[in-house]
Amino acid sequence: MCAQIRPLKVGTRGSPLALVQTEMIVRQLRTLHPDQKFVVGLQSFVTEGDRTQAQDVPLASLAGRGVFVKDLEQALLHGAVDFAVHSLKDMTTDLGDGLVLAAVSEREDPRDVLVSRHGVSLMELPPNARVGTSSPRRAAQLSALRSDLRFEPIRGNVDTRVRKVDEGEYEATVLAAAGLLRLGQGHRITEYFSTDVCLPDPGQGALAIECRADDDFVREILTLLNHQPTWQAVAAERALLHALGGGCQVPIAAYGQVDGLQLTLQGLVASDDYRDLVRGSLSGPAQDAERLGRALADQLRMQGADRILRGL
């Protein structure tokens, strides 16, 4: 470890969940480097995605991923912060020039969950119930179980979405388990969806720590935060997303699991109208994670994903 000491500044979104997640990373950093008397200042930012949410504009109307990340990356490049903490699922597969993914934290539960007004499961919801989700990926998979349900956009942070259910605006909402658990709201979860039922977003449940590529001091400090099995799993997921053209609006899902030296990757592509869905899986050496992601993308294309991606 380099003996140099300098104050560090971490950038994050200002949402309650983002702040909790960033504080988790800072605590881990201090635990992993007890000999380093870190002074870590936190700077929160209002991102493009946050501004869009405030204006009640659907995120789907924005091109590609990265709307919760770009402003933080600019702050990194301009030296306003030394590293940034993101929900990995919000990141694009291509990082900006001069930036590097320094570490990926150990993954929290990657599953999607239901929070319902009366504590009932998806199959117990009343006919034609309104289910709040702004994710075409979730709606595409869950509509296969209940085609009568009305999957409608819902905006706001986790607390806001749960409140909208409590107030009767929706019968239920679908959220990431990781967010609710990190906020101490696991008791609000009505139902966990297995990955066989609802495959998650690539990177869901993992936190990404990003810094400048030329800042060797910060990169060295952040390295110990990396959880290798999670890194390998999400590398495969992101490789699949990239190979399928991850910036498009077509619902794409992926989930990798590492067991010893083996990695099993599941992937899914769905049409915008939820009527066409292609799913597959591959297993191979975890050290070949990115190759496995590209190979599964090729398999999905041969099974019909190429037609979906072209909008045919």
# chains A, B, ... in the order shown; residues from 1 in each chain; ligands from 1

$ closest_atom_pairs --of "stretch 187-306 of chain A" --to "stretch 119-130 of chain A" --cutoff "12 Å" --atoms "only C-alpha atoms" --output "JSON lines"
{"residue": "A:His187", "atom": "CA", "partner": "A:Gly119", "partner_atom": "CA", "distance": 10.6}
{"residue": "A:Arg188", "atom": "CA", "partner": "A:Gly119", "partner_atom": "CA", "distance": 8.5}
{"residue": "A:Ile189", "atom": "CA", "partner": "A:Gly119", "partner_atom": "CA", "distance": 8.3}
{"residue": "A:Thr190", "atom": "CA", "partner": "A:Gly119", "partner_atom": "CA", "distance": 5.5}
{"residue": "A:Glu191", "atom": "CA", "partner": "A:Ser121", "partner_atom": "CA", "distance": 5.9}
{"residue": "A:Tyr192", "atom": "CA", "partner": "A:Ser121", "partner_atom": "CA", "distance": 9.1}
{"residue": "A:Phe193", "atom": "CA", "partner": "A:Leu122", "partner_atom": "CA", "distance": 9.5}
{"residue": "A:Val197", "atom": "CA", "partner": "A:Leu122", "partner_atom": "CA", "distance": 11.5}

$ residues_around --residues "stretch 308-312 of chain A" --least-positions-apart "3" --cutoff "10 Å" --atoms "only C-alpha atoms" --output "list of chain:residue names"
A:Leu244, A:Gly245, A:Cys248, A:Gln249, A:Val250, A:Pro251, A:Ile252, A:Val269, A:Ala270, A:Ser271, A:Asp272, A:Asp276, A:Leu277, A:Val278, A:Arg301, A:Gly304, A:Ala305

$ write_last_selection --atoms "N, CA and C atoms" --output "PDB file, in the first residue's frame"
ATOM      1  N   LEU A 244     -25.399  -7.415 -27.375  1.00  0.00           N
ATOM      2  CA  LEU A 244     -26.764  -7.294 -27.896  1.00  0.00           C
ATOM      3  C   LEU A 244     -27.141  -5.844 -28.184  1.00  0.00           C
ATOM      4  N   GLY A 245     -26.199  -4.920 -27.980  1.00  0.00           N
ATOM      5  CA  GLY A 245     -26.505  -3.513 -28.207  1.00  0.00           C
ATOM      6  C   GLY A 245     -27.224  -2.935 -27.012  1.00  0.00           C
ATOM      7  N   CYS A 248     -30.004   0.020 -26.439  1.00  0.00           N
ATOM      8  CA  CYS A 248     -31.340   0.071 -27.040  1.00  0.00           C
ATOM      9  C   CYS A 248     -32.412  -0.051 -25.967  1.00  0.00           C
ATOM     10  N   GLN A 249     -33.649   0.156 -26.367  1.00  0.00           N
ATOM     11  CA  GLN A 249     -34.756   0.137 -25.411  1.00  0.00           C
ATOM     12  C   GLN A 249     -35.433  -1.224 -25.321  1.00  0.00           C
ATOM     13  N   VAL A 250     -34.925  -2.210 -26.066  1.00  0.00           N
ATOM     14  CA  VAL A 250     -35.491  -3.556 -26.003  1.00  0.00           C
ATOM     15  C   VAL A 250     -35.164  -4.163 -24.635  1.00  0.00           C
ATOM     16  N   PRO A 251     -36.150  -4.792 -23.967  1.00  0.00           N
ATOM     17  CA  PRO A 251     -35.881  -5.407 -22.665  1.00  0.00           C
ATOM     18  C   PRO A 251     -34.842  -6.525 -22.761  1.00  0.00           C
ATOM     19  N   ILE A 252     -33.747  -6.370 -22.018  1.00  0.00           N
ATOM     20  CA  ILE A 252     -32.672  -7.369 -21.958  1.00  0.00           C
ATOM     21  C   ILE A 252     -32.399  -7.675 -20.494  1.00  0.00           C
ATOM     22  N   VAL A 269     -34.097 -11.814 -23.936  1.00  0.00           N
ATOM     23  CA  VAL A 269     -34.462 -10.654 -24.754  1.00  0.00           C
ATOM     24  C   VAL A 269     -35.955 -10.741 -25.014  1.00  0.00           C
ATOM     25  N   ALA A 270     -36.671  -9.634 -24.813  1.00  0.00           N
ATOM     26  CA  ALA A 270     -38.122  -9.613 -25.012  1.00  0.00           C
ATOM     27  C   ALA A 270     -38.497  -8.487 -25.965  1.00  0.00           C
ATOM     28  N   SER A 271     -39.616  -8.652 -26.623  1.00  0.00           N
ATOM     29  CA  SER A 271     -40.107  -7.604 -27.517  1.00  0.00           C
ATOM     30  C   SER A 271     -40.823  -6.521 -26.719  1.00  0.00           C
ATOM     31  N   ASP A 272     -40.951  -5.351 -27.320  1.00  0.00           N
ATOM     32  CA  ASP A 272     -41.585  -4.222 -26.632  1.00  0.00           C
ATOM     33  C   ASP A 272     -43.031  -4.504 -26.250  1.00  0.00           C
ATOM     34  N   ASP A 276     -43.123 -11.611 -27.560  1.00  0.00           N
ATOM     35  CA  ASP A 276     -42.036 -12.461 -28.042  1.00  0.00           C
ATOM     36  C   ASP A 276     -40.916 -12.422 -27.020  1.00  0.00           C
ATOM     37  N   LEU A 277     -40.448 -13.589 -26.587  1.00  0.00           N
ATOM     38  CA  LEU A 277     -39.435 -13.656 -25.545  1.00  0.00           C
ATOM     39  C   LEU A 277     -38.480 -14.803 -25.853  1.00  0.00           C
ATOM     40  N   VAL A 278     -37.189 -14.504 -25.825  1.00  0.00           N
ATOM     41  CA  VAL A 278     -36.160 -15.511 -26.088  1.00  0.00           C
ATOM     42  C   VAL A 278     -35.264 -15.607 -24.870  1.00  0.00           C
ATOM     43  N   ARG A 301     -29.290 -14.621 -30.275  1.00  0.00           N
ATOM     44  CA  ARG A 301     -29.577 -14.085 -31.626  1.00  0.00           C
ATOM     45  C   ARG A 301     -30.040 -15.192 -32.557  1.00  0.00           C
ATOM     46  N   GLY A 304     -33.650 -16.186 -32.124  1.00  0.00           N
ATOM     47  CA  GLY A 304     -34.693 -15.232 -32.503  1.00  0.00           C
ATOM     48  C   GLY A 304     -34.533 -13.847 -31.928  1.00  0.00           C
ATOM     49  N   ALA A 305     -33.548 -13.642 -31.050  1.00  0.00           N
ATOM     50  CA  ALA A 305     -33.347 -12.313 -30.460  1.00  0.00           C
ATOM     51  C   ALA A 305     -32.978 -11.283 -31.505  1.00  0.00           C
TER      52      ALA A 305
END

$ residues_around --residues "A:Thr160" --least-positions-apart "5" --cutoff "12 Å" --atoms "only C-alpha atoms" --output "JSON, numbers by chain"
{"A": [15, 16, 17, 53, 54, 132, 154, 155, 165, 166, 167, 169, 170, 173, 175]}

$ write_last_selection --atoms "N, CA and C atoms" --output "CSV table (one decimal), in the first residue's frame"
chain,number,residue,atom,x,y,z
A,15,SER,N,-30.1,10.5,-3.7
A,15,SER,CA,-31.3,9.8,-3.3
A,15,SER,C,-31.0,9.0,-2.0
A,16,PRO,N,-32.0,8.8,-1.1
A,16,PRO,CA,-31.7,8.0,0.1
A,16,PRO,C,-31.0,6.7,-0.1
A,17,LEU,N,-31.4,6.0,-1.1
A,17,LEU,CA,-30.7,4.7,-1.4
A,17,LEU,C,-29.3,4.9,-1.8
A,53,GLN,N,-36.9,12.4,-13.3
A,53,GLN,CA,-37.9,11.9,-12.4
A,53,GLN,C,-38.7,13.1,-11.8
A,54,ALA,N,-38.0,14.1,-11.4
A,54,ALA,CA,-38.7,15.3,-10.8
A,54,ALA,C,-39.7,15.9,-11.8
A,132,GLY,N,-47.3,-1.0,-10.6
A,132,GLY,CA,-46.4,0.1,-11.0
A,132,GLY,C,-45.0,-0.4,-11.3
A,154,ILE,N,-44.3,4.0,-13.1
A,154,ILE,CA,-44.3,4.6,-11.8
A,154,ILE,C,-42.9,5.3,-11.6
A,155,ARG,N,-42.9,6.5,-11.0
A,155,ARG,CA,-41.7,7.3,-10.9
A,155,ARG,C,-41.4,7.5,-9.4
A,165,VAL,N,-48.2,2.9,-3.5
A,165,VAL,CA,-48.9,1.6,-3.4
A,165,VAL,C,-49.8,1.7,-2.1
A,166,ASP,N,-49.2,2.2,-1.0
A,166,ASP,CA,-50.0,2.3,0.2
A,166,ASP,C,-51.2,3.2,0.1
A,167,GLU,N,-51.1,4.2,-0.8
A,167,GLU,CA,-52.2,5.2,-0.9
A,167,GLU,C,-53.2,4.7,-2.0
A,169,GLU,N,-52.7,4.2,-5.3
A,169,GLU,CA,-52.6,4.6,-6.7
A,169,GLU,C,-52.3,3.4,-7.5
A,170,TYR,N,-51.6,2.4,-6.9
A,170,TYR,CA,-51.3,1.1,-7.6
A,170,TYR,C,-51.7,0.0,-6.6
A,173,THR,N,-46.2,-2.8,-6.7
A,173,THR,CA,-45.1,-2.3,-7.5
A,173,THR,C,-44.0,-3.4,-7.5
A,175,LEU,N,-39.9,-4.0,-7.5
A,175,LEU,CA,-38.7,-3.3,-7.2
A,175,LEU,C,-37.6,-4.3,-7.1

$ closest_atom_pairs --of "stretch 237-308 of chain A" --to "stretch 211-232 of chain A" --cutoff "7 Å" --atoms "only C-alpha atoms" --output "JSON lines"
{"residue": "A:Val258", "atom": "CA", "partner": "A:Pro229", "partner_atom": "CA", "distance": 5.9}
{"residue": "A:Ala286", "atom": "CA", "partner": "A:Gln232", "partner_atom": "CA", "distance": 6.3}
{"residue": "A:Ala289", "atom": "CA", "partner": "A:Gln232", "partner_atom": "CA", "distance": 5.7}

$ write_last_selection --atoms "N, CA and C atoms" --output "PDB file, in the first residue's frame"
ATOM      1  N   VAL A 258     -21.592 -17.701 -10.028  1.00  0.00           N
ATOM      2  CA  VAL A 258     -20.295 -18.364  -9.963  1.00  0.00           C
ATOM      3  C   VAL A 258     -20.340 -19.420  -8.870  1.00  0.00           C
ATOM      4  N   ALA A 286     -15.261 -19.522 -15.090  1.00  0.00           N
ATOM      5  CA  ALA A 286     -15.524 -18.163 -14.638  1.00  0.00           C
ATOM      6  C   ALA A 286     -14.478 -17.185 -15.146  1.00  0.00           C
ATOM      7  N   ALA A 289     -15.364 -15.100 -18.372  1.00  0.00           N
ATOM      8  CA  ALA A 289     -16.688 -14.497 -18.196  1.00  0.00           C
ATOM      9  C   ALA A 289     -17.141 -13.685 -19.411  1.00  0.00           C
TER      10      ALA A 289
END

$ select_by_dssp --residues "stretch 4-224 of chain A" --states "alpha helix (DSSP H)" --output "PDB file with N, CA and C atoms, in the first residue's frame"
ATOM      1  N   PRO A  16     -31.962   8.757  -1.131  1.00  0.00           N
ATOM      2  CA  PRO A  16     -31.697   8.028   0.119  1.00  0.00           C
ATOM      3  C   PRO A  16     -30.961   6.710  -0.107  1.00  0.00           C
ATOM      4  N   LEU A  17     -31.354   5.957  -1.132  1.00  0.00           N
ATOM      5  CA  LEU A  17     -30.702   4.679  -1.397  1.00  0.00           C
ATOM      6  C   LEU A  17     -29.253   4.885  -1.813  1.00  0.00           C
ATOM      7  N   ALA A  18     -28.993   5.838  -2.702  1.00  0.00           N
ATOM      8  CA  ALA A  18     -27.629   6.086  -3.161  1.00  0.00           C
ATOM      9  C   ALA A  18     -26.732   6.496  -1.999  1.00  0.00           C
ATOM     10  N   LEU A  19     -27.250   7.314  -1.095  1.00  0.00           N
ATOM     11  CA  LEU A  19     -26.460   7.747   0.057  1.00  0.00           C
ATOM     12  C   LEU A  19     -26.148   6.581   0.981  1.00  0.00           C
ATOM     13  N   VAL A  20     -27.138   5.720   1.228  1.00  0.00           N
ATOM     14  CA  VAL A  20     -26.914   4.533   2.065  1.00  0.00           C
ATOM     15  C   VAL A  20     -25.860   3.641   1.436  1.00  0.00           C
ATOM     16  N   GLN A  21     -25.957   3.423   0.126  1.00  0.00           N
ATOM     17  CA  GLN A  21     -25.021   2.550  -0.570  1.00  0.00           C
ATOM     18  C   GLN A  21     -23.603   3.120  -0.524  1.00  0.00           C
ATOM     19  N   THR A  22     -23.481   4.423  -0.702  1.00  0.00           N
ATOM     20  CA  THR A  22     -22.163   5.047  -0.680  1.00  0.00           C
ATOM     21  C   THR A  22     -21.558   4.988   0.716  1.00  0.00           C
ATOM     22  N   GLU A  23     -22.372   5.202   1.733  1.00  0.00           N
ATOM     23  CA  GLU A  23     -21.875   5.098   3.105  1.00  0.00           C
ATOM     24  C   GLU A  23     -21.417   3.675   3.420  1.00  0.00           C
ATOM     25  N   MET A  24     -22.087   2.671   2.851  1.00  0.00           N
ATOM     26  CA  MET A  24     -21.656   1.282   3.014  1.00  0.00           C
ATOM     27  C   MET A  24     -20.247   1.098   2.461  1.00  0.00           C
ATOM     28  N   ILE A  25     -20.002   1.640   1.261  1.00  0.00           N
ATOM     29  CA  ILE A  25     -18.695   1.497   0.621  1.00  0.00           C
ATOM     30  C   ILE A  25     -17.615   2.221   1.429  1.00  0.00           C
ATOM     31  N   VAL A  26     -17.923   3.398   1.934  1.00  0.00           N
ATOM     32  CA  VAL A  26     -16.952   4.152   2.728  1.00  0.00           C
ATOM     33  C   VAL A  26     -16.598   3.380   3.999  1.00  0.00           C
ATOM     34  N   ARG A  27     -17.591   2.770   4.654  1.00  0.00           N
ATOM     35  CA  ARG A  27     -17.319   1.968   5.852  1.00  0.00           C
ATOM     36  C   ARG A  27     -16.425   0.777   5.516  1.00  0.00           C
ATOM     37  N   GLN A  28     -16.702   0.119   4.395  1.00  0.00           N
ATOM     38  CA  GLN A  28     -15.869  -1.010   3.976  1.00  0.00           C
ATOM     39  C   GLN A  28     -14.446  -0.559   3.707  1.00  0.00           C
ATOM     40  N   LEU A  29     -14.318   0.590   3.093  1.00  0.00           N
ATOM     41  CA  LEU A  29     -13.001   1.127   2.771  1.00  0.00           C
ATOM     42  C   LEU A  29     -12.178   1.354   4.031  1.00  0.00           C
ATOM     43  N   ARG A  30     -12.804   1.918   5.042  1.00  0.00           N
ATOM     44  CA  ARG A  30     -12.110   2.177   6.302  1.00  0.00           C
ATOM     45  C   ARG A  30     -11.759   0.874   7.025  1.00  0.00           C
ATOM     46  N   THR A  31     -12.636  -0.134   6.918  1.00  0.00           N
ATOM     47  CA  THR A  31     -12.369  -1.424   7.554  1.00  0.00           C
ATOM     48  C   THR A  31     -11.214  -2.143   6.876  1.00  0.00           C
ATOM     49  N   LEU A  32     -11.177  -2.066   5.543  1.00  0.00           N
ATOM     50  CA  LEU A  32     -10.143  -2.753   4.766  1.00  0.00           C
ATOM     51  C   LEU A  32      -8.785  -2.073   4.868  1.00  0.00           C
ATOM     52  N   GLU A  48     -29.032  13.600 -14.367  1.00  0.00           N
ATOM     53  CA  GLU A  48     -30.049  13.764 -15.413  1.00  0.00           C
ATOM     54  C   GLU A  48     -31.268  12.914 -15.126  1.00  0.00           C
ATOM     55  N   GLY A  49     -31.038  11.679 -14.643  1.00  0.00           N
ATOM     56  CA  GLY A  49     -32.164  10.804 -14.310  1.00  0.00           C
ATOM     57  C   GLY A  49     -33.001  11.360 -13.169  1.00  0.00           C
ATOM     58  N   ASP A  50     -32.338  11.973 -12.173  1.00  0.00           N
ATOM     59  CA  ASP A  50     -33.069  12.571 -11.056  1.00  0.00           C
ATOM     60  C   ASP A  50     -33.906  13.758 -11.527  1.00  0.00           C
ATOM     61  N   ARG A  51     -33.313  14.576 -12.404  1.00  0.00           N
ATOM     62  CA  ARG A  51     -34.058  15.730 -12.913  1.00  0.00           C
ATOM     63  C   ARG A  51     -35.260  15.282 -13.729  1.00  0.00           C
ATOM     64  N   THR A  52     -35.076  14.200 -14.486  1.00  0.00           N
ATOM     65  CA  THR A  52     -36.165  13.671 -15.301  1.00  0.00           C
ATOM     66  C   THR A  52     -37.285  13.137 -14.422  1.00  0.00           C
ATOM     67  N   GLN A  53     -36.902  12.431 -13.333  1.00  0.00           N
ATOM     68  CA  GLN A  53     -37.911  11.914 -12.401  1.00  0.00           C
ATOM     69  C   GLN A  53     -38.713  13.055 -11.792  1.00  0.00           C
ATOM     70  N   ALA A  54     -38.021  14.147 -11.434  1.00  0.00           N
ATOM     71  CA  ALA A  54     -38.698  15.284 -10.818  1.00  0.00           C
ATOM     72  C   ALA A  54     -39.709  15.923 -11.766  1.00  0.00           C
ATOM     73  N   LYS A  70     -23.931   9.823 -15.774  1.00  0.00           N
ATOM     74  CA  LYS A  70     -23.127  10.762 -16.569  1.00  0.00           C
ATOM     75  C   LYS A  70     -22.624  11.956 -15.778  1.00  0.00           C
ATOM     76  N   ASP A  71     -23.464  12.549 -14.943  1.00  0.00           N
ATOM     77  CA  ASP A  71     -23.048  13.729 -14.187  1.00  0.00           C
ATOM     78  C   ASP A  71     -21.943  13.391 -13.187  1.00  0.00           C
ATOM     79  N   LEU A  72     -22.003  12.210 -12.605  1.00  0.00           N
ATOM     80  CA  LEU A  72     -20.961  11.777 -11.683  1.00  0.00           C
ATOM     81  C   LEU A  72     -19.651  11.542 -12.430  1.00  0.00           C
ATOM     82  N   GLU A  73     -19.742  10.991 -13.629  1.00  0.00           N
ATOM     83  CA  GLU A  73     -18.535  10.766 -14.419  1.00  0.00           C
ATOM     84  C   GLU A  73     -17.884  12.085 -14.828  1.00  0.00           C
ATOM     85  N   GLN A  74     -18.692  13.076 -15.137  1.00  0.00           N
ATOM     86  CA  GLN A  74     -18.138  14.388 -15.449  1.00  0.00           C
ATOM     87  C   GLN A  74     -17.424  14.981 -14.240  1.00  0.00           C
ATOM     88  N   ALA A  75     -18.010  14.798 -13.061  1.00  0.00           N
ATOM     89  CA  ALA A  75     -17.378  15.284 -11.834  1.00  0.00           C
ATOM     90  C   ALA A  75     -16.034  14.590 -11.609  1.00  0.00           C
ATOM     91  N   LEU A  76     -15.967  13.292 -11.925  1.00  0.00           N
ATOM     92  CA  LEU A  76     -14.705  12.565 -11.822  1.00  0.00           C
ATOM     93  C   LEU A  76     -13.663  13.141 -12.777  1.00  0.00           C
ATOM     94  N   LEU A  77     -14.051  13.297 -14.030  1.00  0.00           N
ATOM     95  CA  LEU A  77     -13.117  13.770 -15.047  1.00  0.00           C
ATOM     96  C   LEU A  77     -12.608  15.175 -14.750  1.00  0.00           C
ATOM     97  N   PRO A 136     -39.676  -2.175 -18.749  1.00  0.00           N
ATOM     98  CA  PRO A 136     -40.233  -3.112 -19.736  1.00  0.00           C
ATOM     99  C   PRO A 136     -39.741  -4.536 -19.512  1.00  0.00           C
ATOM    100  N   ARG A 137     -38.526  -4.682 -18.965  1.00  0.00           N
ATOM    101  CA  ARG A 137     -37.996  -6.015 -18.684  1.00  0.00           C
ATOM    102  C   ARG A 137     -38.874  -6.741 -17.676  1.00  0.00           C
ATOM    103  N   ARG A 138     -39.242  -6.064 -16.581  1.00  0.00           N
ATOM    104  CA  ARG A 138     -40.099  -6.684 -15.574  1.00  0.00           C
ATOM    105  C   ARG A 138     -41.492  -6.954 -16.120  1.00  0.00           C
ATOM    106  N   ALA A 139     -42.047  -5.972 -16.808  1.00  0.00           N
ATOM    107  CA  ALA A 139     -43.404  -6.126 -17.340  1.00  0.00           C
ATOM    108  C   ALA A 139     -43.473  -7.270 -18.350  1.00  0.00           C
ATOM    109  N   ALA A 140     -42.452  -7.409 -19.189  1.00  0.00           N
ATOM    110  CA  ALA A 140     -42.453  -8.461 -20.209  1.00  0.00           C
ATOM    111  C   ALA A 140     -42.487  -9.838 -19.581  1.00  0.00           C
ATOM    112  N   GLN A 141     -41.718 -10.036 -18.526  1.00  0.00           N
ATOM    113  CA  GLN A 141     -41.650 -11.367 -17.913  1.00  0.00           C
ATOM    114  C   GLN A 141     -42.861 -11.670 -17.028  1.00  0.00           C
ATOM    115  N   LEU A 142     -43.306 -10.687 -16.268  1.00  0.00           N
ATOM    116  CA  LEU A 142     -44.417 -10.939 -15.344  1.00  0.00           C
ATOM    117  C   LEU A 142     -45.761 -10.997 -16.060  1.00  0.00           C
ATOM    118  N   VAL A 158     -37.447   4.714  -4.004  1.00  0.00           N
ATOM    119  CA  VAL A 158     -38.083   3.529  -3.399  1.00  0.00           C
ATOM    120  C   VAL A 158     -39.203   3.930  -2.453  1.00  0.00           C
ATOM    121  N   ASP A 159     -38.929   4.881  -1.568  1.00  0.00           N
ATOM    122  CA  ASP A 159     -39.947   5.307  -0.600  1.00  0.00           C
ATOM    123  C   ASP A 159     -41.192   5.842  -1.295  1.00  0.00           C
ATOM    124  N   THR A 160     -40.988   6.618  -2.343  1.00  0.00           N
ATOM    125  CA  THR A 160     -42.114   7.210  -3.073  1.00  0.00           C
ATOM    126  C   THR A 160     -42.963   6.131  -3.730  1.00  0.00           C
ATOM    127  N   ARG A 161     -42.319   5.150  -4.307  1.00  0.00           N
ATOM    128  CA  ARG A 161     -43.060   4.085  -4.995  1.00  0.00           C
ATOM    129  C   ARG A 161     -43.867   3.244  -4.003  1.00  0.00           C
ATOM    130  N   VAL A 162     -43.269   2.940  -2.873  1.00  0.00           N
ATOM    131  CA  VAL A 162     -43.995   2.177  -1.850  1.00  0.00           C
ATOM    132  C   VAL A 162     -45.177   2.991  -1.335  1.00  0.00           C
ATOM    133  N   ARG A 163     -44.969   4.291  -1.140  1.00  0.00           N
ATOM    134  CA  ARG A 163     -46.062   5.155  -0.657  1.00  0.00           C
ATOM    135  C   ARG A 163     -47.216   5.189  -1.660  1.00  0.00           C
ATOM    136  N   LYS A 164     -46.905   5.218  -2.944  1.00  0.00           N
ATOM    137  CA  LYS A 164     -47.962   5.235  -3.956  1.00  0.00           C
ATOM    138  C   LYS A 164     -48.807   3.962  -3.910  1.00  0.00           C
ATOM    139  N   VAL A 165     -48.175   2.851  -3.535  1.00  0.00           N
ATOM    140  CA  VAL A 165     -48.932   1.608  -3.353  1.00  0.00           C
ATOM    141  C   VAL A 165     -49.799   1.709  -2.106  1.00  0.00           C
ATOM    142  N   ASP A 166     -49.224   2.184  -1.028  1.00  0.00           N
ATOM    143  CA  ASP A 166     -49.974   2.310   0.226  1.00  0.00           C
ATOM    144  C   ASP A 166     -51.196   3.211   0.066  1.00  0.00           C
ATOM    145  N   ALA A 177     -34.915  -6.211  -4.942  1.00  0.00           N
ATOM    146  CA  ALA A 177     -34.783  -6.601  -3.538  1.00  0.00           C
ATOM    147  C   ALA A 177     -33.648  -5.841  -2.867  1.00  0.00           C
ATOM    148  N   ALA A 178     -32.548  -5.653  -3.591  1.00  0.00           N
ATOM    149  CA  ALA A 178     -31.353  -5.034  -3.004  1.00  0.00           C
ATOM    150  C   ALA A 178     -31.650  -3.666  -2.413  1.00  0.00           C
ATOM    151  N   GLY A 179     -32.401  -2.848  -3.127  1.00  0.00           N
ATOM    152  CA  GLY A 179     -32.704  -1.506  -2.651  1.00  0.00           C
ATOM    153  C   GLY A 179     -33.500  -1.524  -1.361  1.00  0.00           C
ATOM    154  N   LEU A 180     -34.539  -2.344  -1.310  1.00  0.00           N
ATOM    155  CA  LEU A 180     -35.366  -2.425  -0.107  1.00  0.00           C
ATOM    156  C   LEU A 180     -34.559  -2.965   1.075  1.00  0.00           C
ATOM    157  N   LEU A 181     -33.736  -3.976   0.833  1.00  0.00           N
ATOM    158  CA  LEU A 181     -32.949  -4.561   1.914  1.00  0.00           C
ATOM    159  C   LEU A 181     -31.931  -3.570   2.452  1.00  0.00           C
ATOM    160  N   ARG A 182     -31.262  -2.839   1.568  1.00  0.00           N
ATOM    161  CA  ARG A 182     -30.263  -1.863   2.020  1.00  0.00           C
ATOM    162  C   ARG A 182     -30.899  -0.707   2.782  1.00  0.00           C
ATOM    163  N   ASP A 216      -3.435   6.337  -9.802  1.00  0.00           N
ATOM    164  CA  ASP A 216      -2.945   5.064  -9.269  1.00  0.00           C
ATOM    165  C   ASP A 216      -3.183   4.932  -7.773  1.00  0.00           C
ATOM    166  N   PHE A 217      -3.075   6.041  -7.034  1.00  0.00           N
ATOM    167  CA  PHE A 217      -3.270   6.001  -5.584  1.00  0.00           C
ATOM    168  C   PHE A 217      -4.687   5.543  -5.243  1.00  0.00           C
ATOM    169  N   VAL A 218      -5.687   6.149  -5.871  1.00  0.00           N
ATOM    170  CA  VAL A 218      -7.075   5.802  -5.584  1.00  0.00           C
ATOM    171  C   VAL A 218      -7.386   4.393  -6.086  1.00  0.00           C
ATOM    172  N   ARG A 219      -6.901   4.043  -7.262  1.00  0.00           N
ATOM    173  CA  ARG A 219      -7.158   2.701  -7.797  1.00  0.00           C
ATOM    174  C   ARG A 219      -6.623   1.633  -6.861  1.00  0.00           C
ATOM    175  N   GLU A 220      -5.432   1.858  -6.292  1.00  0.00           N
ATOM    176  CA  GLU A 220      -4.845   0.885  -5.380  1.00  0.00           C
ATOM    177  C   GLU A 220      -5.677   0.746  -4.113  1.00  0.00           C
ATOM    178  N   ILE A 221      -6.164   1.866  -3.599  1.00  0.00           N
ATOM    179  CA  ILE A 221      -6.985   1.844  -2.391  1.00  0.00           C
ATOM    180  C   ILE A 221      -8.295   1.093  -2.622  1.00  0.00           C
ATOM    181  N   LEU A 222      -8.889   1.288  -3.799  1.00  0.00           N
ATOM    182  CA  LEU A 222     -10.206   0.715  -4.078  1.00  0.00           C
ATOM    183  C   LEU A 222     -10.159  -0.767  -4.426  1.00  0.00           C
TER     184      LEU A 222
END

$ atom_distance --atom1 "atom CA of A:Asp90" --atom2 "atom CA of A:Gln299"
25.0 Å

$ residues_around --residues "stretch 294-298 of chain A" --least-positions-apart "4" --cutoff "6 Å" --atoms "only C-alpha atoms" --output "PyMOL selection string"
chain A and resi 239-240+243

$ closest_residue --among "A:Glu171, A:Asp97, A:Asp148, A:Glu108" --to "A:Thr133" --atoms "only C-alpha atoms"
A:Glu171

$ atom_distance --atom1 "atom CA of A:Gly280" --atom2 "atom CA of A:Gln303"
8.6 Å

$ closest_atom_pairs --of "stretch 159-224 of chain A" --to "stretch 262-268 of chain A" --cutoff "12 Å" --atoms "only C-alpha atoms" --output "CSV"
residue,atom,partner,partner_atom,distance
A:Thr195,CA,A:Gln266,CA,9.0
A:Asp196,CA,A:Gln266,CA,9.2
A:Val197,CA,A:Leu268,CA,11.3
A:Cys198,CA,A:Leu268,CA,9.7
A:Leu199,CA,A:Leu268,CA,7.4
A:Pro200,CA,A:Gly267,CA,9.3
A:Asp201,CA,A:Gly267,CA,9.8
A:Pro202,CA,A:Gly267,CA,9.1

$ write_last_selection --atoms "N, CA and C atoms" --output "compact mmCIF listing (two decimals), in the first residue's frame"
# COMPACT_ATOMS: atom_id res chain seq x y z
N THR A 195 -35.25 -16.10 -10.20
CA THR A 195 -34.68 -15.69 -11.48
C THR A 195 -35.25 -16.51 -12.64
N ASP A 196 -35.84 -17.66 -12.34
CA ASP A 196 -36.52 -18.43 -13.38
C ASP A 196 -37.80 -17.74 -13.83
N VAL A 197 -38.40 -16.94 -12.93
CA VAL A 197 -39.64 -16.22 -13.24
C VAL A 197 -39.34 -14.84 -13.80
N CYS A 198 -38.42 -14.13 -13.16
CA CYS A 198 -38.10 -12.77 -13.58
C CYS A 198 -36.59 -12.57 -13.52
N LEU A 199 -35.94 -12.69 -14.65
CA LEU A 199 -34.49 -12.52 -14.73
C LEU A 199 -34.16 -11.04 -14.54
N PRO A 200 -33.17 -10.72 -13.70
CA PRO A 200 -32.90 -9.32 -13.37
C PRO A 200 -32.14 -8.55 -14.43
N ASP A 201 -31.99 -7.25 -14.17
CA ASP A 201 -31.15 -6.39 -14.99
C ASP A 201 -29.70 -6.85 -14.88
N PRO A 202 -28.90 -6.73 -15.94
CA PRO A 202 -27.47 -6.98 -15.81
C PRO A 202 -26.87 -6.09 -14.72
